[in-house]
file run-v8.csv (CSV, C-alpha atoms)
chain,number,residue,atom,x,y,z
A,39,MET,CA,-7.3,-23.4,9.2
A,40,THR,CA,-10.9,-22.2,9.4
A,41,PHE,CA,-12.0,-19.1,7.5
A,42,SER,CA,-12.5,-17.1,10.7
A,43,LEU,CA,-9.1,-17.9,11.9
A,44,PHE,CA,-7.6,-17.0,8.5
A,45,ILE,CA,-9.3,-13.6,8.5
A,46,GLU,CA,-8.1,-13.0,12.1
A,47,GLN,CA,-4.5,-13.9,11.3
A,48,LEU,CA,-4.7,-11.8,8.1
A,49,LEU,CA,-5.8,-8.8,10.1
A,50,ASN,CA,-3.1,-9.5,12.7
A,51,GLY,CA,-0.5,-9.6,9.9
A,52,VAL,CA,-1.7,-6.3,8.3
A,53,GLN,CA,-1.7,-4.7,11.8
A,54,LEU,CA,1.9,-5.8,12.3
A,55,GLY,CA,2.7,-4.5,8.9
A,56,VAL,CA,1.3,-1.1,9.8
A,57,MET,CA,3.5,-1.0,12.9
A,58,LEU,CA,6.5,-2.0,10.9
A,59,PHE,CA,5.7,0.7,8.3
A,60,LEU,CA,5.7,3.4,11.0
A,61,MET,CA,9.1,2.2,12.1
A,62,ALA,CA,10.5,1.6,8.7
A,63,ALA,CA,9.3,4.9,7.1
A,64,GLY,CA,11.6,7.0,9.3
A,65,LEU,CA,14.4,4.5,9.2
A,66,THR,CA,14.4,4.3,5.4
A,67,LEU,CA,14.3,8.1,4.9
A,68,VAL,CA,17.2,8.6,7.4
A,69,PHE,CA,19.2,5.9,5.7
A,70,GLY,CA,18.3,7.1,2.2
A,71,ILE,CA,18.9,10.8,2.8
A,72,MET,CA,21.5,10.9,5.4
A,73,ASN,CA,23.2,7.7,4.6
A,74,LEU,CA,23.1,7.0,8.3
A,75,ILE,CA,22.5,3.6,9.8
A,76,ASN,CA,20.5,4.2,13.0
A,77,LEU,CA,20.3,1.2,15.2
A,78,ALA,CA,18.8,3.4,18.0
A,79,HIS,CA,15.6,3.8,16.1
A,80,GLY,CA,14.0,1.1,18.2
A,81,SER,CA,14.9,3.0,21.3
A,82,LEU,CA,12.8,5.9,20.0
A,83,TYR,CA,9.9,3.4,19.6
A,84,MET,CA,10.4,2.4,23.3
A,85,ALA,CA,10.6,6.1,24.3
A,86,GLY,CA,7.3,6.8,22.7
A,87,ALA,CA,5.6,4.0,24.6
A,88,PHE,CA,7.0,5.1,28.0
A,89,PHE,CA,6.1,8.8,27.3
A,90,ALA,CA,2.5,7.7,26.5
A,91,ALA,CA,2.3,5.5,29.5
A,92,THR,CA,3.4,8.3,31.8
A,93,VAL,CA,1.0,10.9,30.4
A,94,PHE,CA,-1.8,8.3,30.5
A,95,GLN,CA,-1.0,7.6,34.2
A,96,ILE,CA,-1.1,11.3,35.0
A,97,SER,CA,-4.1,12.4,32.9
A,98,GLY,CA,-6.1,9.2,32.4
A,99,SER,CA,-6.5,10.1,28.8
A,100,PHE,CA,-5.0,8.0,26.0
A,101,LEU,CA,-6.0,10.6,23.4
A,102,LEU,CA,-4.0,13.2,25.2
A,103,ALA,CA,-1.1,10.9,25.6
A,104,VAL,CA,-0.8,10.3,21.9
A,105,PRO,CA,0.2,13.8,20.7
A,106,ILE,CA,2.3,14.5,23.7
A,107,ALA,CA,4.3,11.3,23.4
A,108,VAL,CA,4.8,11.8,19.7
A,109,ALA,CA,6.0,15.3,20.2
A,110,LEU,CA,8.3,14.4,23.0
A,111,THR,CA,9.8,11.5,21.0
A,112,ALA,CA,10.4,13.8,18.0
A,113,LEU,CA,12.1,16.3,20.4
A,114,VAL,CA,14.3,13.6,21.8
A,115,GLY,CA,15.2,12.4,18.3
A,116,GLY,CA,16.0,16.0,17.2
A,117,VAL,CA,18.3,16.4,20.3
A,118,VAL,CA,20.1,13.2,19.6
A,119,GLU,CA,20.6,14.0,15.9
A,120,ARG,CA,22.0,17.4,16.7
A,121,ALA,CA,24.1,16.5,19.7
A,122,VAL,CA,25.5,13.1,18.5
A,123,LEU,CA,24.6,11.7,15.1
A,124,ARG,CA,25.3,14.8,13.1
A,125,GLN,CA,29.0,14.2,13.8
A,126,PHE,CA,28.8,10.8,12.1
A,127,TYR,CA,27.2,11.6,8.7
A,128,ALA,CA,30.6,11.6,7.0
A,129,ARG,CA,32.0,8.7,9.0
A,130,SER,CA,31.9,5.0,8.0
A,131,HIS,CA,28.9,2.8,8.5
A,132,LEU,CA,30.9,0.8,11.1
A,133,ASP,CA,31.3,4.0,13.1
A,134,GLN,CA,27.6,4.7,12.8
A,135,VAL,CA,26.6,1.2,13.9
A,136,LEU,CA,28.9,1.4,16.9
A,137,VAL,CA,27.7,4.8,18.1
A,138,THR,CA,24.0,4.0,17.6
A,139,PHE,CA,24.4,0.7,19.3
A,140,GLY,CA,25.9,2.7,22.2
A,141,LEU,CA,22.9,4.9,22.2
A,142,ILE,CA,20.7,1.8,22.6
A,143,LEU,CA,22.5,1.0,25.8
A,144,VAL,CA,22.2,4.6,27.0
A,145,PHE,CA,18.5,4.7,26.3
A,146,ASN,CA,17.9,1.4,28.0
A,147,ASP,CA,19.8,2.4,31.1
A,148,ALA,CA,18.1,5.8,31.1
A,149,VAL,CA,14.7,4.1,31.0
A,150,ARG,CA,15.7,1.8,33.9
A,151,LEU,CA,16.8,4.8,35.9
A,152,ILE,CA,13.6,6.8,35.3
A,153,TRP,CA,10.9,4.1,35.1
A,154,GLY,CA,12.5,1.0,36.6
A,155,VAL,CA,12.6,-2.5,35.3
A,156,VAL,CA,8.9,-3.4,35.9
A,157,PRO,CA,6.7,-3.0,32.8
A,158,VAL,CA,4.6,0.1,32.9
A,159,PRO,CA,0.8,-0.4,32.2
A,160,LEU,CA,-0.8,1.3,29.2
A,161,ALA,CA,-4.4,0.6,28.5
A,162,PRO,CA,-6.3,1.4,25.3
A,163,PRO,CA,-8.9,4.1,25.4
A,164,GLU,CA,-12.2,2.9,26.8
A,165,ALA,CA,-14.0,3.5,23.5
A,166,LEU,CA,-11.7,1.0,21.8
A,167,ALA,CA,-11.5,-1.6,24.6
A,168,GLY,CA,-14.0,-4.0,23.1
A,169,SER,CA,-14.3,-6.0,20.0
A,170,VAL,CA,-16.0,-5.4,16.6
A,171,HIS,CA,-18.0,-8.1,14.9
A,172,LEU,CA,-16.7,-8.6,11.4
A,173,PHE,CA,-17.9,-10.8,8.5
A,174,GLY,CA,-17.3,-14.5,8.8
A,175,GLY,CA,-18.1,-14.6,12.5
A,176,VAL,CA,-14.8,-12.8,13.5
A,177,ASP,CA,-14.7,-10.7,16.6
A,178,TYR,CA,-11.6,-8.5,16.3
A,179,PRO,CA,-10.3,-6.0,18.9
A,180,ALA,CA,-11.4,-2.5,18.2
A,181,PHE,CA,-8.0,-1.1,19.2
A,182,ARG,CA,-6.2,-3.2,16.6
A,183,LEU,CA,-8.7,-1.9,13.9
A,184,ALA,CA,-7.9,1.6,15.1
A,185,ILE,CA,-4.2,0.9,14.5
A,186,LEU,CA,-5.0,-0.1,11.0
A,187,GLY,CA,-6.9,3.1,10.4
A,188,VAL,CA,-4.1,5.3,11.9
A,189,GLY,CA,-1.5,3.5,9.9
A,190,ALA,CA,-3.5,4.0,6.6
A,191,LEU,CA,-3.9,7.7,7.4
A,192,VAL,CA,-0.2,8.1,8.2
A,193,ALA,CA,0.8,6.3,5.0
A,194,LEU,CA,-1.5,8.6,2.9
A,195,GLY,CA,-0.2,11.6,4.7
A,196,LEU,CA,3.5,10.6,4.1
A,197,TYR,CA,2.7,9.9,0.5
A,198,PHE,CA,1.2,13.4,0.1
A,199,VAL,CA,4.0,15.2,1.9
A,200,VAL,CA,6.8,13.3,0.0
A,201,SER,CA,5.1,13.5,-3.4
A,202,HIS,CA,3.2,16.8,-3.5
A,203,THR,CA,4.9,19.3,-1.2
A,204,ARG,CA,8.0,21.5,-1.4
A,205,ILE,CA,9.7,19.8,1.6
A,206,GLY,CA,8.8,16.4,0.0
A,207,MET,CA,10.6,17.6,-3.1
A,208,TRP,CA,13.7,18.5,-1.0
A,209,ILE,CA,13.5,15.0,0.7
A,210,ARG,CA,13.3,13.2,-2.7
A,211,ALA,CA,16.2,15.4,-4.0
A,212,GLY,CA,18.3,14.6,-1.0
A,213,ALA,CA,17.6,10.9,-1.2
A,214,SER,CA,18.5,10.9,-4.9
A,215,ASN,CA,21.5,13.2,-5.0
A,216,ARG,CA,22.5,14.9,-1.8
A,217,PRO,CA,25.4,17.0,-3.2
A,218,MET,CA,23.3,18.3,-6.1
A,219,ALA,CA,20.4,19.2,-3.8
A,220,SER,CA,22.8,21.2,-1.5
A,221,ALA,CA,24.3,22.9,-4.6
A,222,LEU,CA,20.8,24.0,-5.7
A,223,GLY,CA,20.2,25.7,-2.4
A,224,VAL,CA,18.5,23.1,-0.3
A,225,ASP,CA,19.3,23.6,3.4
A,226,VAL,CA,20.5,20.0,3.9
A,227,GLU,CA,21.1,20.3,7.6
A,228,LEU,CA,17.5,21.6,8.2
A,229,VAL,CA,16.1,18.8,6.0
A,230,PHE,CA,18.2,16.3,8.0
A,231,SER,CA,16.9,17.5,11.3
A,232,LEU,CA,13.3,17.6,10.2
A,233,VAL,CA,13.5,14.1,8.6
A,234,PHE,CA,15.1,12.6,11.7
A,235,SER,CA,12.7,14.2,14.1
A,236,ALA,CA,9.7,13.1,12.0
A,237,GLY,CA,11.1,9.6,11.8
A,238,ALA,CA,11.5,9.6,15.6
A,239,GLY,CA,7.9,10.8,16.0
A,240,LEU,CA,6.6,8.0,13.8
A,241,ALA,CA,8.7,5.5,15.8
A,242,GLY,CA,7.2,6.9,19.0
A,243,LEU,CA,3.7,6.6,17.5
A,244,ALA,CA,4.3,3.0,16.7
A,245,GLY,CA,5.6,2.3,20.2
A,246,LEU,CA,2.6,3.9,22.0
A,247,MET,CA,0.2,2.0,19.8
A,248,ALA,CA,2.0,-1.3,20.5
A,249,GLY,CA,2.1,-0.6,24.3
A,250,PRO,CA,-1.5,-1.8,25.1
A,251,ILE,CA,-1.0,-4.9,22.9
A,252,THR,CA,2.5,-6.1,24.1
A,253,ALA,CA,4.1,-4.4,27.1
A,254,VAL,CA,5.8,-1.1,27.8
A,255,GLN,CA,9.2,-2.4,29.0
A,256,VAL,CA,12.9,-1.9,28.7
A,257,GLY,CA,14.3,-3.3,25.4
A,258,MET,CA,10.9,-3.5,23.7
A,259,GLY,CA,12.3,-1.7,20.6
A,260,GLU,CA,15.0,-4.2,19.7
A,261,PRO,CA,12.9,-7.0,18.3
A,262,ILE,CA,10.8,-4.7,16.0
A,263,LEU,CA,13.9,-2.9,14.9
A,264,ILE,CA,15.2,-6.1,13.3
A,265,LEU,CA,11.9,-6.5,11.4
A,266,ALA,CA,12.0,-2.8,10.4
A,267,LEU,CA,15.5,-3.2,9.0
A,268,VAL,CA,14.3,-6.1,6.9
A,269,VAL,CA,11.4,-4.0,5.6
A,270,THR,CA,13.8,-1.2,4.8
A,271,VAL,CA,16.1,-3.5,2.8
A,272,ILE,CA,13.3,-5.2,1.0
A,273,GLY,CA,11.4,-2.1,0.1
A,274,GLY,CA,14.5,-0.2,-1.2
A,275,ILE,CA,16.5,2.4,0.7
A,276,GLY,CA,14.8,5.8,0.9
A,277,SER,CA,11.5,4.6,-0.6
A,278,ILE,CA,8.3,5.2,1.3
A,279,ARG,CA,6.3,3.2,-1.2
A,280,GLY,CA,8.7,0.4,-0.9
A,281,ALA,CA,8.6,0.5,2.9
A,282,PHE,CA,4.8,0.3,2.9
A,283,VAL,CA,4.6,-2.7,0.5
A,284,ALA,CA,7.5,-4.5,2.2
A,285,ALA,CA,6.0,-3.9,5.7
A,286,LEU,CA,2.7,-5.5,4.7
A,287,MET,CA,4.5,-8.4,3.1
A,288,ILE,CA,6.7,-9.0,6.2
A,289,GLY,CA,3.8,-8.4,8.6
A,290,VAL,CA,1.5,-11.0,6.9
A,291,GLY,CA,4.4,-13.4,6.1
A,292,ASP,CA,5.7,-13.3,9.7
A,293,THR,CA,2.2,-13.9,11.1
A,294,PHE,CA,1.3,-16.8,8.9
A,295,GLY,CA,4.8,-18.2,9.0
A,296,ARG,CA,4.5,-18.5,12.8
A,297,VAL,CA,1.0,-20.0,12.6
A,298,LEU,CA,1.5,-22.5,9.8
A,299,LEU,CA,5.2,-23.5,10.0
A,300,PRO,CA,7.2,-25.2,12.7
A,301,PRO,CA,8.7,-22.7,15.2
A,302,ALA,CA,12.2,-22.8,13.8
A,303,LEU,CA,11.0,-22.4,10.2
A,304,GLY,CA,8.4,-19.8,11.2
A,305,SER,CA,11.0,-17.5,12.7
A,306,MET,CA,13.2,-17.9,9.6
A,307,ALA,CA,10.5,-17.3,7.0
A,308,ILE,CA,10.9,-13.5,6.6
A,309,PHE,CA,14.6,-13.8,6.3
A,310,MET,CA,14.2,-16.4,3.6
A,311,LEU,CA,11.8,-14.1,1.9
A,312,MET,CA,14.3,-11.2,2.1
A,313,ALA,CA,17.0,-13.4,0.6
A,314,ALA,CA,14.8,-14.4,-2.3
A,315,ILE,CA,13.7,-10.8,-3.0
A,316,LEU,CA,17.3,-9.5,-2.9
A,317,ALA,CA,18.5,-12.3,-5.2
A,318,TRP,CA,15.8,-11.0,-7.7
A,319,ARG,CA,16.2,-7.3,-7.0
A,320,PRO,CA,19.4,-6.5,-5.1
A,321,LYS,CA,18.5,-2.9,-4.5
A,322,GLY,CA,15.0,-3.7,-3.2
A,323,LEU,CA,11.5,-3.6,-4.7
A,324,PHE,CA,11.4,0.2,-5.3
A,325,PRO,CA,14.9,1.6,-5.1
A,326,VAL,CA,15.3,5.3,-5.1
A,327,HIS,CA,18.8,5.2,-6.6
A,328,GLY,CA,17.8,3.5,-9.8

call {"tool": "encode", "arguments": {"input": "run-v8.csv", "output": "structure tokens"}}
result
Amino acid sequence: MTFSLFIEQLLNGVQLGVMLFLMAAGLTLVFGIMNLINLAHGSLYMAGAFFAATVFQISGSFLLAVPIAVALTALVGGVVERAVLRQFYARSHLDQVLVTFGLILVFNDAVRLIWGVVPVPLAPPEALAGSVHLFGGVDYPAFRLAILGVGALVALGLYFVVSHTRIGMWIRAGASNRPMASALGVDVELVFSLVFSAGAGLAGLAGLMAGPITAVQVGMGEPILILALVVTVIGGIGSIRGAFVAALMIGVGDTFGRVLLPPALGSMAIFMLMAAILAWRPKGLFPVHG
């Protein structure tokens, strides 16, 4: 592998890691605080991409599509949490898996009904349509570099909110000991709704950024959901720091595994990595619950 190809694949891996972090951050908080397994998180990723594509088609502005799509996805997430998932907090994980799997089917059929089965085009903004010349003779797409920047800003913002704000204190308290947080006066239902809506918005942001790179189509959320679940488990349930570190590990590992290893081994690499890490630290790299 040449140096330029190594740098390009490294950037691809980090960019995938950023996307996975945006997915896994909401997923790990929902699991950590609500003890809810949400398989429909990938559907919110898909919804964000379709909302952005629709706004882009109407307005012609990608920058306008971003906040609208994120807000709409957060709204959809809030509605789903209040209307359906709130009834399953105290139920078994099997019930949660079944109901959220059902939501995947509902979301996919709703998208087919509204947008059809043909992929919807979503182009990056014109200012980011070209490439940037980096060191080592690497020409890397400007839009992918913008994704890295957005992901870094979101990671810093989440760290600040969770570690240095009152609502972050409530989130950490709920993740560590939900009954005690409720007994101390934390409005657990409100925190649940805010966390779920914020996680949905982050998933939507990841989806709309992936749209110009992959394709905005039905079922686009399921493959990345699997990787996001791996990130959540490796990082530690409820840990933002763990989600960030694990996302970068999985993003880079998956990218180089598919480049350097035979196809069968390449697709297995991240799961072998997960098994090795869990054998060493069964609760993940940075577990919230000790």

call {"tool": "closest_atom_pairs", "arguments": {"input": "run-v8.csv", "of": "range 213-273 of chain A", "to": "range 129-148 of chain A", "cutoff": "12 Å", "atoms": "all atoms listed in the file", "output": "CSV"}}
result
residue,atom,partner,partner_atom,distance
A:Gln255,CA,A:Asn146,CA,9.5
A:Val256,CA,A:Asn146,CA,6.0
A:Gly257,CA,A:Asn146,CA,6.5
A:Met258,CA,A:Asn146,CA,9.6
A:Gly259,CA,A:Ile142,CA,9.3
A:Glu260,CA,A:Ile142,CA,8.8
A:Leu263,CA,A:Ile142,CA,11.3

call {"tool": "closest_residue", "arguments": {"input": "run-v8.csv", "among": "A:Thr66, A:Ser42, A:Gln125, A:Ser169", "to": "Leu267 in chain A", "atoms": "only C-alpha atoms"}}
result
A:Thr66

call {"tool": "residues_around", "arguments": {"input": "run-v8.csv", "residues": "Phe234 in chain A", "least_positions_apart": "4", "cutoff": "8 Å", "atoms": "all atoms listed in the file", "output": "list of chain:residue names"}}
result
A:Gly64, A:Val68, A:Ala112, A:Gly115, A:Gly116, A:Glu119, A:Phe230, A:Ala238

call {"tool": "atom_distance", "arguments": {"input": "run-v8.csv", "atom1": "CA of Val269 in chain A", "atom2": "CA of Ala285 in chain A"}}
result
5.4 Å

call {"tool": "closest_residue", "arguments": {"input": "run-v8.csv", "among": "A:Val233, A:Val118, A:Ala314, A:Leu323", "to": "Ser277 in chain A", "atoms": "all atoms listed in the file"}}
result
A:Leu323

call {"tool": "closest_atom_pairs", "arguments": {"input": "run-v8.csv", "of": "range 216-309 of chain A", "to": "range 175-195 of chain A", "cutoff": "12 Å", "atoms": "only C-alpha atoms", "output": "CSV"}}
result
residue,atom,partner,partner_atom,distance
A:Ala236,CA,A:Val192,CA,11.7
A:Gly237,CA,A:Val192,CA,12.0
A:Gly239,CA,A:Val192,CA,11.6
A:Leu240,CA,A:Val192,CA,8.8
A:Ala241,CA,A:Gly189,CA,12.0
A:Leu243,CA,A:Val188,CA,9.7
A:Ala244,CA,A:Gly189,CA,9.0
A:Gly245,CA,A:Ile185,CA,11.4
A:Leu246,CA,A:Ile185,CA,10.6
A:Met247,CA,A:Ile185,CA,7.0
A:Ala248,CA,A:Ile185,CA,8.9
A:Gly249,CA,A:Phe181,CA,11.3
A:Pro250,CA,A:Phe181,CA,8.8
A:Ile251,CA,A:Arg182,CA,8.3
A:Thr252,CA,A:Arg182,CA,11.8
A:Ile278,CA,A:Ala193,CA,8.4
A:Arg279,CA,A:Ala193,CA,8.8
A:Gly280,CA,A:Ala193,CA,11.5
A:Ala281,CA,A:Ala193,CA,9.9
A:Phe282,CA,A:Ala193,CA,7.5
A:Val283,CA,A:Ala193,CA,10.8
A:Ala285,CA,A:Gly189,CA,11.3
A:Leu286,CA,A:Gly189,CA,11.2

call {"tool": "closest_residue", "arguments": {"input": "run-v8.csv", "among": "A:Ala219, A:Ile205, A:Ala87, A:Leu65", "to": "Pro157 in chain A", "atoms": "only C-alpha atoms"}}
result
A:Ala87

call {"tool": "closest_residue", "arguments": {"input": "run-v8.csv", "among": "A:Ala91, A:Ala128, A:Ile308, A:Leu151", "to": "Arg296 in chain A", "atoms": "only C-alpha atoms"}}
result
A:Ile308

call {"tool": "closest_residue", "arguments": {"input": "run-v8.csv", "among": "A:Gly98, A:Pro105, A:Gly242, A:Gly51", "to": "Tyr83 in chain A", "atoms": "only C-alpha atoms"}}
result
A:Gly242

call {"tool": "atom_distance", "arguments": {"input": "run-v8.csv", "atom1": "CA of Phe100 in chain A", "atom2": "CA of Gly80 in chain A"}}
result
21.7 Å

call {"tool": "atom_distance", "arguments": {"input": "run-v8.csv", "atom1": "CA of Leu110 in chain A", "atom2": "CA of Gly206 in chain A"}}
result
23.1 Å

call {"tool": "closest_residue", "arguments": {"input": "run-v8.csv", "among": "A:Leu299, A:Ala63, A:Met306, A:Ile272", "to": "Phe324 in chain A", "atoms": "only C-alpha atoms"}}
result
A:Ile272

call {"tool": "residues_around", "arguments": {"input": "run-v8.csv", "residues": "Gly223 in chain A", "least_positions_apart": "5", "cutoff": "12 Å", "atoms": "all atoms listed in the file", "output": "VMD selection string"}}
result
chain A and resid 208 211 to 212 216 to 218 228 to 229

call {"tool": "decode", "arguments": {"input": "run-v8.csv", "residues": "range 42-87 of chain A", "atoms": "C-alpha atoms", "output": "compact mmCIF listing (two decimals), in the first residue's frame"}}
result
# COMPACT_ATOMS: atom_id res chain seq x y z
CA SER A 42 -1.06 8.30 -0.43
CA LEU A 43 -3.42 5.33 -0.47
CA PHE A 44 -2.78 4.77 3.25
CA ILE A 45 -3.66 8.40 4.07
CA GLU A 46 -6.77 8.23 1.89
CA GLN A 47 -8.01 5.03 3.53
CA LEU A 48 -7.18 6.41 6.99
CA LEU A 49 -9.30 9.48 6.29
CA ASN A 50 -12.08 7.25 4.95
CA GLY A 51 -11.93 5.22 8.16
CA VAL A 52 -12.05 8.30 10.37
CA GLN A 53 -14.94 9.69 8.34
CA LEU A 54 -16.86 6.42 8.76
CA GLY A 55 -16.02 6.58 12.46
CA VAL A 56 -17.52 10.06 12.70
CA MET A 57 -20.73 8.84 11.07
CA LEU A 58 -20.85 5.89 13.45
CA PHE A 59 -20.32 8.19 16.42
CA LEU A 60 -23.29 10.34 15.43
CA MET A 61 -25.38 7.18 15.27
CA ALA A 62 -23.98 5.54 18.39
CA ALA A 63 -24.09 8.63 20.62
CA GLY A 64 -27.89 8.70 20.65
CA LEU A 65 -28.11 4.93 20.71
CA THR A 66 -25.84 4.52 23.73
CA LEU A 67 -27.57 7.28 25.72
CA VAL A 68 -31.01 5.82 25.03
CA PHE A 69 -29.78 2.37 26.07
CA GLY A 70 -27.83 3.69 29.05
CA ILE A 71 -30.51 5.97 30.47
CA MET A 72 -33.76 4.37 29.37
CA ASN A 73 -32.51 0.77 29.28
CA LEU A 74 -34.24 0.66 25.88
CA ILE A 75 -32.94 -1.33 22.91
CA ASN A 76 -33.95 0.73 19.90
CA LEU A 77 -33.45 -1.14 16.64
CA ALA A 78 -35.41 1.60 14.84
CA HIS A 79 -32.52 4.05 15.31
CA GLY A 80 -31.34 3.26 11.79
CA SER A 81 -34.77 4.26 10.47
CA LEU A 82 -34.26 7.74 11.93
CA TYR A 83 -30.93 7.86 10.06
CA MET A 84 -32.88 7.06 6.89
CA ALA A 85 -35.57 9.63 7.70
CA GLY A 86 -32.98 12.40 8.08
CA ALA A 87 -31.56 11.61 4.64
